[in-house]
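Data from protein_31.pdb: PDB, C-alpha atoms
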```pdb
ATOM      1  CA  MET O 251       0.000   0.000   0.000
ATOM      2  CA  SER O 252       1.499   3.373  -1.035
ATOM      3  CA  ASP O 253       1.564   6.573   1.013
ATOM      4  CA  THR O 254      -0.962   8.137  -1.350
ATOM      5  CA  GLU O 255      -3.542   5.495  -0.436
ATOM      6  CA  ASN O 256      -3.253   6.412   3.258
ATOM      7  CA  VAL O 257      -4.054  10.118   2.833
ATOM      8  CA  ASP O 258      -6.751  11.346   5.225
ATOM      9  CA  TRP O 259      -8.535  13.711   2.829
ATOM     10  CA  GLN O 260     -10.888  15.145   5.464
ATOM     11  CA  GLU O 261      -7.949  16.011   7.711
ATOM     12  CA  LEU O 262      -6.184  17.731   4.803
ATOM     13  CA  GLU O 263      -9.316  19.733   3.954
ATOM     14  CA  ASP O 264      -9.680  20.785   7.592
ATOM     15  CA  GLN O 265      -6.061  21.983   7.621
ATOM     16  CA  GLY O 266      -6.418  23.716   4.248
ATOM     17  CA  ASP O 267      -3.449  21.724   2.903
ATOM     18  CA  THR O 268      -3.176  22.322  -0.855
ATOM     19  CA  ALA O 269      -0.119  20.144  -1.372
ATOM     20  CA  ALA O 270      -1.912  16.820  -0.880
ATOM     21  CA  ALA O 271      -1.092  13.851  -3.047
ATOM     22  CA  GLY O 272      -3.641  11.596  -4.746
ATOM     23  CA  THR O 273      -3.816   9.009  -7.485
ATOM     24  CA  ASP O 274      -5.086   9.238 -11.033
ATOM     25  CA  ALA O 275      -7.414   6.694 -12.686
ATOM     26  CA  GLY O 276      -4.438   4.420 -13.397
ATOM     27  CA  GLY O 277      -3.272   4.476  -9.777
ATOM     28  CA  THR O 278      -0.272   6.689 -10.535
ATOM     29  CA  PRO O 279       0.553   9.183  -7.753
ATOM     30  CA  THR O 280      -0.250  12.777  -8.719
ATOM     31  CA  ASP O 281       0.175  16.132  -7.026
ATOM     32  CA  VAL O 282      -3.255  17.748  -6.655
ATOM     33  CA  SER O 283      -1.773  21.088  -5.588
ATOM     34  CA  LEU O 284      -2.929  23.920  -7.801
ATOM     35  CA  GLU O 285      -0.593  26.526  -6.306
ATOM     36  CA  ALA O 286       1.842  26.058  -9.188
ATOM     37  CA  ILE O 287      -0.698  27.413 -11.688
ATOM     38  CA  TYR O 288      -2.301  30.214  -9.639
ATOM     39  CA  ASP O 289      -0.184  32.892 -11.355
ATOM     40  CA  VAL O 290      -0.732  31.650 -14.922
ATOM     41  CA  PRO O 291      -2.607  34.371 -16.838
ATOM     42  CA  VAL O 292      -5.708  33.410 -18.828
ATOM     43  CA  ARG O 293      -7.852  35.508 -21.153
ATOM     44  CA  VAL O 294     -11.527  35.640 -20.149
ATOM     45  CA  SER O 295     -14.063  37.088 -22.597
ATOM     46  CA  ALA O 296     -17.826  37.433 -22.574
ATOM     47  CA  VAL O 297     -19.525  37.508 -25.965
ATOM     48  CA  LEU O 298     -22.804  39.421 -26.044
ATOM     49  CA  GLY O 299     -23.477  38.479 -29.650
ATOM     50  CA  LYS O 300     -22.073  38.490 -33.161
ATOM     51  CA  THR O 301     -22.810  40.073 -36.527
ATOM     52  CA  ASN O 302     -21.312  40.132 -40.011
ATOM     53  CA  LEU O 303     -20.494  43.424 -41.754
ATOM     54  CA  GLN O 304     -18.896  44.383 -45.001
ATOM     55  CA  VAL O 305     -15.808  46.556 -44.581
ATOM     56  CA  SER O 306     -17.600  49.415 -46.366
ATOM     57  CA  LYS O 307     -20.412  49.325 -43.742
ATOM     58  CA  LEU O 308     -17.888  49.085 -40.919
ATOM     59  CA  LEU O 309     -16.101  52.211 -42.160
ATOM     60  CA  GLN O 310     -19.419  54.099 -42.186
ATOM     61  CA  LEU O 311     -20.004  53.518 -38.465
ATOM     62  CA  GLY O 312     -19.637  56.473 -36.165
ATOM     63  CA  PRO O 313     -20.490  57.545 -32.616
ATOM     64  CA  GLY O 314     -24.015  56.478 -31.706
ATOM     65  CA  ALA O 315     -24.188  53.777 -34.375
ATOM     66  CA  VAL O 316     -26.130  50.666 -33.390
ATOM     67  CA  LEU O 317     -25.129  47.176 -34.489
ATOM     68  CA  GLU O 318     -27.767  44.463 -34.470
ATOM     69  CA  LEU O 319     -26.424  41.280 -32.878
ATOM     70  CA  ASP O 320     -27.606  37.684 -33.231
ATOM     71  CA  ARG O 321     -28.926  37.530 -29.633
ATOM     72  CA  LYS O 322     -32.093  38.743 -27.989
ATOM     73  CA  VAL O 323     -32.326  40.891 -24.851
ATOM     74  CA  GLY O 324     -32.035  38.680 -21.776
ATOM     75  CA  GLU O 325     -30.455  35.789 -23.676
ATOM     76  CA  ALA O 326     -27.370  34.220 -22.059
ATOM     77  CA  VAL O 327     -23.922  35.481 -23.019
ATOM     78  CA  ASP O 328     -21.070  33.080 -23.782
ATOM     79  CA  ILE O 329     -18.048  33.087 -21.472
ATOM     80  CA  PHE O 330     -14.751  31.989 -22.993
ATOM     81  CA  VAL O 331     -11.430  31.219 -21.297
ATOM     82  CA  ASN O 332      -8.525  31.258 -23.750
ATOM     83  CA  ASN O 333     -10.998  31.081 -26.656
ATOM     84  CA  ARG O 334     -12.735  27.990 -25.262
ATOM     85  CA  LEU O 335     -16.413  28.144 -24.285
ATOM     86  CA  VAL O 336     -16.610  27.303 -20.571
ATOM     87  CA  ALA O 337     -19.853  28.873 -19.343
ATOM     88  CA  ARG O 338     -22.922  30.975 -20.065
ATOM     89  CA  GLY O 339     -24.178  33.816 -17.949
ATOM     90  CA  GLU O 340     -26.197  36.989 -17.549
ATOM     91  CA  VAL O 341     -25.035  40.590 -17.675
ATOM     92  CA  VAL O 342     -25.266  42.364 -14.307
ATOM     93  CA  LEU O 343     -24.434  45.838 -13.031
ATOM     94  CA  VAL O 344     -21.864  45.975 -10.203
ATOM     95  CA  GLU O 345     -21.135  49.435  -8.776
ATOM     96  CA  GLU O 346     -21.694  51.170 -12.148
ATOM     97  CA  LYS O 347     -19.627  48.558 -14.026
ATOM     98  CA  LEU O 348     -20.826  45.671 -16.143
ATOM     99  CA  GLY O 349     -20.242  42.131 -14.903
ATOM    100  CA  ILE O 350     -21.310  38.608 -15.713
ATOM    101  CA  THR O 351     -23.037  36.119 -13.428
ATOM    102  CA  MET O 352     -22.351  32.547 -14.494
ATOM    103  CA  THR O 353     -25.595  30.595 -14.796
ATOM    104  CA  GLU O 354     -24.359  27.476 -16.580
ATOM    105  CA  ILE O 355     -20.986  25.701 -16.707
ATOM    106  CA  ILE O 356     -20.303  24.036 -20.053
ATOM    107  CA  LYS O 357     -18.656  20.627 -19.784
ATOM    108  CA  ILE O 358     -17.048  19.588 -23.046
ATOM    109  CA  GLU O 359     -16.315  15.897 -23.228
ATOM    110  CA  ASP O 360     -13.143  15.088 -25.171
TER     111      ASP O 360
END
```
Hey, can you dump this file as structure tokens for me?
Amino acid sequence: MSDTENVDWQELEDQGDTAAAGTDAGGTPTDVSLEAIYDVPVRVSAVLGKTNLQVSKLLQLGPGAVLELDRKVGEAVDIFVNNRLVARGEVVLVEEKLGITMTEIIKIED
């Protein structure tokens, strides 16, 4: 029996230990600590909708121009992390700034 099989997970959670070891599906020991990736930057974007324009129409746009998007008012916005769809949400107002509340996590099976 390996040391990783004797881990008291509840005790580790109670202590807040993030450097615990576990095993993967094949029984190989793995480090479940996420501290190593906490400082990795990711790009998060929220897409309200999309439209197609000819360059000539784009060049005619000015202040106050309105673009019609492919979504309706109140419809969920797509949330992307590094150009991968991960969730859907709703636009909210937070202290005079726009924000997004996640309402659905998208699980993509590989």
| When you draw a straight line from atom CA of O:Ile329 to atom CA of O:Thr351, how long is it in Å? |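 Computing the Euclidean distance for atom CA of O:Ile329 and atom CA of O:Thr351 yields 9.9 Å.
Here the PyMOL selection byres ((chain O and resi 301) around 9) catches exactly these residues: Gly299, Lys300, Asn302, Leu303, Leu317, Glu318, Leu319 and Asp320 of chain O.
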| field | Interatomic distance (Å, one decimal) between atom CA of O:Ile356 and atom CA of O:Glu285 | value | 24.2 Å
| Separation of atom CA of O:Val297 from atom CA of O:Gly312 in Å | 21.5 Å
| Looking at O:Leu308, O:Ala326, O:Ala296, O:Ala337, which one is nearest to O:Gly349, with distances taken over all atoms listed in the file? |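 Checking each of O:Leu308, O:Ala326, O:Ala296, O:Ala337 against O:Gly349, counting all atoms listed in the file, the winner is O:Ala296.
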